[in-house]
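Q: Dropping the structure in here first, questions after.
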Amino acid sequence: MSKYHFNELEAKWQKHWAENHTFKAENHSEKPKYYVLDMFPYPSGAGLHVGHPLGYIASDVYARFKRHQGFNVLHPMGYDSFGLPAEQYAIQTGQHPAETTKVNIEGGVDKNGNEIEGYRKQLDRIGFSFDWSREVRTSNPEYYKWTQWIFIQLFESWYDADADKARSIEELLTIFSSEGNTEVNAICDDEIESFTAQQWRDFSETKKQEILLKYRLTYLAETEVNWCPQLGTVLANDEIVNGVSERGGYPVIRKKMKQWSMRITAYAQRLLDGLDKIDWPQPLKDSQTNWIGRSKGATVEFKIQDSRFKIPVFTTRPDTIFGVSFMVLAPEHDLVSKITTSEQKEAVENYVEATAKRSERERMADVKTISGVFTGAYAEHPFSGEKLPIWIGDYVLAGYGTGAVMSVPCGDQRDYDFAKHFNLPIPNIFKDADISEEAYSDKDNTIITNSDFLNDLNYTEATEKIITALEEKGVGEGKINYRLRDAVFSRQRYWGEPFPIYYKDGMPHTIPTECLPLRLPDVKKYLPTEEGEPPLGRAEDWGWDVEKLSVVSCKLIDNETVFPLELNTMPGWAGSSWYFFRYMESEKRNEVFASKEALNYWQDVDLYIGGSEHATGHLLYSRFWVKFMHDRGLVPVEEPFKKLINQGMILGESAFAHRINQGYYNYKDVSDEEFERLDEIFDNLFNIDFTGRLVSWNLLHGKKVFDAIAGEKYNLSDVFDLKDLEYYFKETGFDSNKISFTTTKIHVPVSDVDLKNQIILESFAKFYQGELDSNSLFLNNDGKIEVSREVEKMSKSKYNVVSPDDICEQYGADTLRLYEMFLGPLEQAKPWNTAGITGVHGFLKKLWKLYHSGENESFYVSGETASKDGLKTLHKTIKKVQEDIENFSFNTSVSSFMIAVNELSAEKCNSREVLEPLAILISPYAPHIAEELWEKLGHSESISTAPFPKFEQKFLVESSKEYPISFNGKMRYTLELPLDLTKDEIESAVMSHEKTAHYLEGRTPKKVIIVPGKIVNIVG
């Protein structure tokens, strides 16, 4: 007898794949290449839950499918192992992040005695076809050496706007030395002074470095950042949720700091244009398009009265310039402190401080709150000369445009609401437009009025005319603007890539590339120093000796031969912006980040699968880095990911116990004495304390009522049977119908709930701090507490996490893989329900049995020709599965497998002609059982490279038809006949059949109606 011992055979094949390097990709192959990649995980100590592998399983199915199709497949895996969570854990426990990260990846016991399974073991147990020989860990010095190297390449580059590409700083130095900078058209800092070649040559070295820093693609600048005091670091916008840090939920404020930035804005248009060349989900493309935010308009300068300052403004509606009635600056704008009058100083400073506590996203989203403060200063209209009051308001952002708006309340709703709130003028410049209730924003039907030389012009005509006037007057020009801001690249953290930078005379210099990696030093604490420096300020050896070319003690820093190193570290997205190229290299990792041979062979990622939450972070930054690397001849492609798919989230089905809060009496004032008496009644009635007990959900379900004061509540008499106890209430005068209680929902670990949704009291008692009493009337009659269920994000804090290890142990990895694919469309969110997994496991046992139809359920496959029905089942399955995989409709493939196995089982099919290709078909989804069956079929090579079965239409073409034979419209029997028979031949066959004679009973039919391929009806 051969049973389906899934644990044994899965362990066997996982060991076989590892020992034989079954999935190792070659960089030289005659096969066409195909590169399948997953967004690599951050290795936390919590390990994987069943939601994490969803995308990995999908990519693995596709990778295996492409191998079957004859492709040389690269399917690697690694770890995004730098980051804030490991650092926070280090702060809490005193363990080095490198140690905890290693344990989280490889498994083991940490210093606190916690047993960690390890990501690698968990991933291997699911049976992924990863090429582990190319593993990447972003926190390994051998890897971040090249992240530092790429940073240096960015530092040594500038963006030539005429050539529309990055070029070497050496080329810029040549231009400066021979021509000066007057003819240089670069994407660089604003307000760069002009100089001649002679002036350049006369500048000091420090002066030259100051100028070059304004051109470099990575540079130092005072920048508005999201500062989190509790975490002691700057956060990216996507690390902030609802105004607090995603990690820990701490307050975040806006603050100016000197930071490293990346000049991603130089690539804004190319990043937009590139979206047309890649196969990505449209919502994700839209996210990037909106984030980049291209808009066409004009810049306008407004002179501040009685001041040397000017306010530059970018507007998409220069045609409305005569509708400007006031100006609004972002509270963080540089000019605010310079132009605010003494009378307004306190109010402005208070407002600026309050605004700093709100994130940009929060300010953008909050359209209801109107706030602002008058600075006391006025600007001058560039054409009318009118005085325009200058306000500050938090609906204007320093990071968008110039951080200032020319407010046209008649044409912009936020300006309109602001003007209404502060009683500012709202002049109307739109002909026949009603602005009594709201702003007029219909650009296409605009006719300008009350606007001097723009009167009676439409939007297009007025825009062209005003831009010409602005340029002639020297107060503005036509311009394309982008919402995208340069990316802040500094983090005040320990656990990140050190910058390969030292400071000489206050200017940054790179350490020689041959000295890389600049390794992260050890520190005693992972917190900022008492002086507020980043954690690297605690390093004892963090000086750079330019003669010895090595890191030395900070005590030796003399600013002559030993200089201080940068104290900030790089952000998490540094290592993830190029890791996909590192996977391409298998042999020369010590020499290059990736060899030209490897890069030219693999080119780019053919299929990338990951979460949509990375749309404006990782995916945008990596596209930027790849375009830069292409400009500098480092990689052969401009876009890293040809096709991208966002997998949905597997949600947890949380379990809730319902805890009773204190009861109360409705519709009557109850004295303290009476209330104590009420508590006593409950004690007597139920022999327990009423408050704080758990009540079974089946008693509560559907009985919730709403009270204006108490809110949601339950009436005692609706929930519990009190018929035998009414005399207690009669004695006291309490009406049981007026006694109510509320409940609090408590998460119950899903492991403490059985398949009937009832709490397993023994294990739950260890988790729950309250007393449990199985005899309580607050339980079901059978002494069980039922939970309610809700679908939520799978999370440890919600106690709804299901471990893939448990599923693999109980049902097998193939069951887990099939079930996750079966849950629903890949891109949609879907709830996990462990109860449903038994059906998929049953299918695999049925598949196993199909190949074991011999004596005592032994393996048996015959060499006989397959039946027509068997071949039909096989080929419709081939067709459906191939179409499904190519369309990423994995859930319907699983359904097809189930149908096929049911049909073949019913036919008692045991033909090799059918069962051998069937094993290949199911191999991408359930590789372990497929490998075992393949071996039993007599093959010595892995099934992983067996050719994918070819669909043949001829097996689906019907050669016969089962005709319903009717008498006077009533079907009496069926008769299978060849489809190519003529009407006369069909009639002859039907009339000569014995059943026809039986039903005719000797009568001669009046007529025989025949529709070939459909029906036969004998009339009379």
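To be explicit about the labels: the chains of the structure tokens are called A, B, and onward in the order shown, and within each one the residues are counted from 1, while ligands get numbers from 1 in the order they are shown.
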Just the residues within 6 Å of Met327 of chain A, please, counting only C-alpha atoms, with nothing from its chain fewer than 2 positions along; format it as a list in words.

A: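 That gives Ile390, Val405, Met406 and Ser407 of chain A.
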
Q: Generate the output file for the selected residues, N, CA, C and O atoms, as a PDB file, in the first residue's frame.

A:
```pdb
ATOM      1  N   ILE A 390       0.206  89.527   2.559  1.00  0.00           N
ATOM      2  CA  ILE A 390       0.900  88.238   2.544  1.00  0.00           C
ATOM      3  C   ILE A 390       0.558  87.471   3.822  1.00  0.00           C
ATOM      4  O   ILE A 390       0.862  87.918   4.928  1.00  0.00           O
ATOM      5  N   VAL A 405       1.835  80.782  -3.082  1.00  0.00           N
ATOM      6  CA  VAL A 405       0.785  80.846  -4.108  1.00  0.00           C
ATOM      7  C   VAL A 405       0.296  82.283  -4.247  1.00  0.00           C
ATOM      8  O   VAL A 405       0.234  83.036  -3.278  1.00  0.00           O
ATOM      9  N   MET A 406      -0.002  82.637  -5.514  1.00  0.00           N
ATOM     10  CA  MET A 406      -0.725  83.885  -5.756  1.00  0.00           C
ATOM     11  C   MET A 406      -2.195  83.495  -5.687  1.00  0.00           C
ATOM     12  O   MET A 406      -2.707  82.750  -6.502  1.00  0.00           O
ATOM     13  N   SER A 407      -2.874  83.958  -4.672  1.00  0.00           N
ATOM     14  CA  SER A 407      -4.231  83.489  -4.391  1.00  0.00           C
ATOM     15  C   SER A 407      -5.251  84.191  -5.263  1.00  0.00           C
ATOM     16  O   SER A 407      -5.387  85.418  -5.233  1.00  0.00           O
TER      17      SER A 407
END
```

Q: Excluding Ile1009 of chain A and its own-chain neighbours fewer than 3 positions away, which residues fall within 12 Å of it when counting only C-alpha atoms? Please give them as a ChimeraX atom specification.

A: /A:965-969,983-984,986-987,990,1005-1006,1012,1014-1020

Q: Atom CA of Leu644 of chain A to atom CA of Trp280 of chain A: how many Å, to one decimal?

A: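 So the two atoms, atom CA of Leu644 of chain A and atom CA of Trp280 of chain A, lie 4.9 Å apart.
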
Q: Using only C-alpha atoms, which protein or nucleic acid residues come within 12 Å of Glu857 of chain A? Drop anything in the same chain fewer than 5 positions from it, and give the result as number ranges by chain.

A: A: 1-4, 846, 848-852

Q: Kindly give the distance, in Å, that separates atom CA of Ser337 of chain A and atom CA of Gly506 of chain A, rounded to a single decimal.

A: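 Taking atom CA of Ser337 of chain A as the start and atom CA of Gly506 of chain A as the end point, the length is 26.6 Å.
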
Q: Extract, using only C-alpha atoms, all DNA, RNA and protein residues at most 8 Å from Gly648 of chain A, discarding same-chain residues fewer than 5 positions from it, and format them as a PyMOL selection string.

A: chain A and resi 611+826-830

Q: If you count only C-alpha atoms, which residues fall within 8 Å of Lys24 of chain A, apart from same-chain ones fewer than 5 positions away, as a ChimeraX atom specification?

A: /A:74,130-133

Q: Give me, as a PyMOL selection string, all polymer residues having an atom no more than 6 Å from Gly478 of chain A, counting only C-alpha atoms and skipping those fewer than 3 positions away in the same chain.

A: chain A and resi 297-298+467

Q: Which residues, written as a count of residues only, have at least one atom at most 8 Å from Phe374 of chain A, with only C-alpha atoms counted and residues fewer than 4 positions away on the same chain left out?

A: 6

Q: What does the structure give for the distance between atom CA of Gly78 of chain A and atom CA of Trp13 of chain A, in Å to one decimal?

A: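 One can read the atom CA of Gly78 of chain A to atom CA of Trp13 of chain A distance as 21.7 Å.
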
Q: Pick the closest to Thr147 of chain A from A:Val61, A:Val1011, A:Met570, A:Met991: which is it, counting only C-alpha atoms?

A: A:Met570

Q: Would you return as a PyMOL selection string the members of segment 303-483 of chain A that DSSP assigns to alpha helix (DSSP H) on this structure's backbone?

A: chain A and resi 336-339+345-355+360-365+413-422+459-473

Q: Segment 781-895 of chain A near segment 741-747 of chain A within 12 Å: what's each residue's closest atom pair and its distance in Å to one decimal, counting only C-alpha atoms, ordered by chain then ascending residue number, as a tab-separated table?

A:
```
residue	atom	partner	partner_atom	distance
A:Val787	CA	A:His747	CA	9.5
A:Ser788	CA	A:Lys745	CA	9.2
A:Arg789	CA	A:His747	CA	9.8
A:Glu790	CA	A:His747	CA	10.2
A:Glu792	CA	A:His747	CA	11.3
A:Ser795	CA	A:His747	CA	11.4
A:Lys796	CA	A:His747	CA	10.7
A:Ser797	CA	A:His747	CA	8.8
A:Lys798	CA	A:His747	CA	6.2
A:Tyr799	CA	A:His747	CA	6.5
A:Asn800	CA	A:His747	CA	8.3
A:Val801	CA	A:His747	CA	11.7
```

Q: Based on the selection just made, write C-alpha atoms of those residues as a JSON list (two decimals), in the first residue's frame.

A:
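Output file result_3.json is given in full below:
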```json
[["chain", "number", "residue", "atom", "x", "y", "z"],
["A", 787, "VAL", "CA", -16.54, 33.78, 19.16],
["A", 788, "SER", "CA", -17.55, 36.22, 16.47],
["A", 789, "ARG", "CA", -15.39, 36.66, 13.38],
["A", 790, "GLU", "CA", -14.15, 39.70, 11.45],
["A", 792, "GLU", "CA", -8.75, 42.24, 9.32],
["A", 795, "SER", "CA", -1.00, 40.90, 12.28],
["A", 796, "LYS", "CA", 0.56, 39.60, 15.49],
["A", 797, "SER", "CA", -1.21, 42.38, 17.40],
["A", 798, "LYS", "CA", -4.59, 41.01, 16.25],
["A", 799, "TYR", "CA", -3.67, 37.43, 17.18],
["A", 800, "ASN", "CA", -4.92, 36.28, 13.76],
["A", 801, "VAL", "CA", -1.60, 35.21, 12.28]]
```

Q: What are the nearest atom pairs, with distances in Å to one decimal, for all residues of segment 149-203 of chain A that come at most 10 Å from segment 219-230 of chain A, using only C-alpha atoms, set out by chain and rising residue number as a Markdown table?

A:
```
| residue | atom | partner | partner_atom | distance |
| --- | --- | --- | --- | --- |
| A:Leu154 | CA | A:Tyr219 | CA | 9.2 |
| A:Phe155 | CA | A:Tyr219 | CA | 7.1 |
| A:Cys188 | CA | A:Tyr219 | CA | 9.9 |
| A:Asp189 | CA | A:Ala221 | CA | 9.6 |
```

Q: Go through A:Lys555, A:His875, A:Lys145, A:Lys908 one by one, measure the shortest atom-to-atom distance of each to Arg582 of chain A using only C-alpha atoms, and give the residue with the smallest value.

A: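 Counting only C-alpha atoms, the residue closest to Arg582 of chain A is A:Lys145.
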
Q: Ranking A:Leu844, A:Leu1000, A:Val408, A:Met629 by minimum distance to Phe6 of chain A and counting only C-alpha atoms, which one comes first?

A: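 Going through A:Leu844, A:Leu1000, A:Val408, A:Met629 one by one, the smallest distance to Phe6 of chain A is for A:Leu844.
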
Q: Find the residue from A:Phe314, A:Trp495, A:Trp291, A:Tyr267 that sits nearest to Ser139 of chain A; use only C-alpha atoms when measuring.

A: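 Nearest candidate to Ser139 of chain A out of A:Phe314, A:Trp495, A:Trp291, A:Tyr267: A:Trp495.
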
Q: Name the residues of segment 741-945 of chain A that come out as strand (DSSP E) in a backbone DSSP run; write them as a ChimeraX atom specification.

A: /A:741,743-748,788-793,830-831
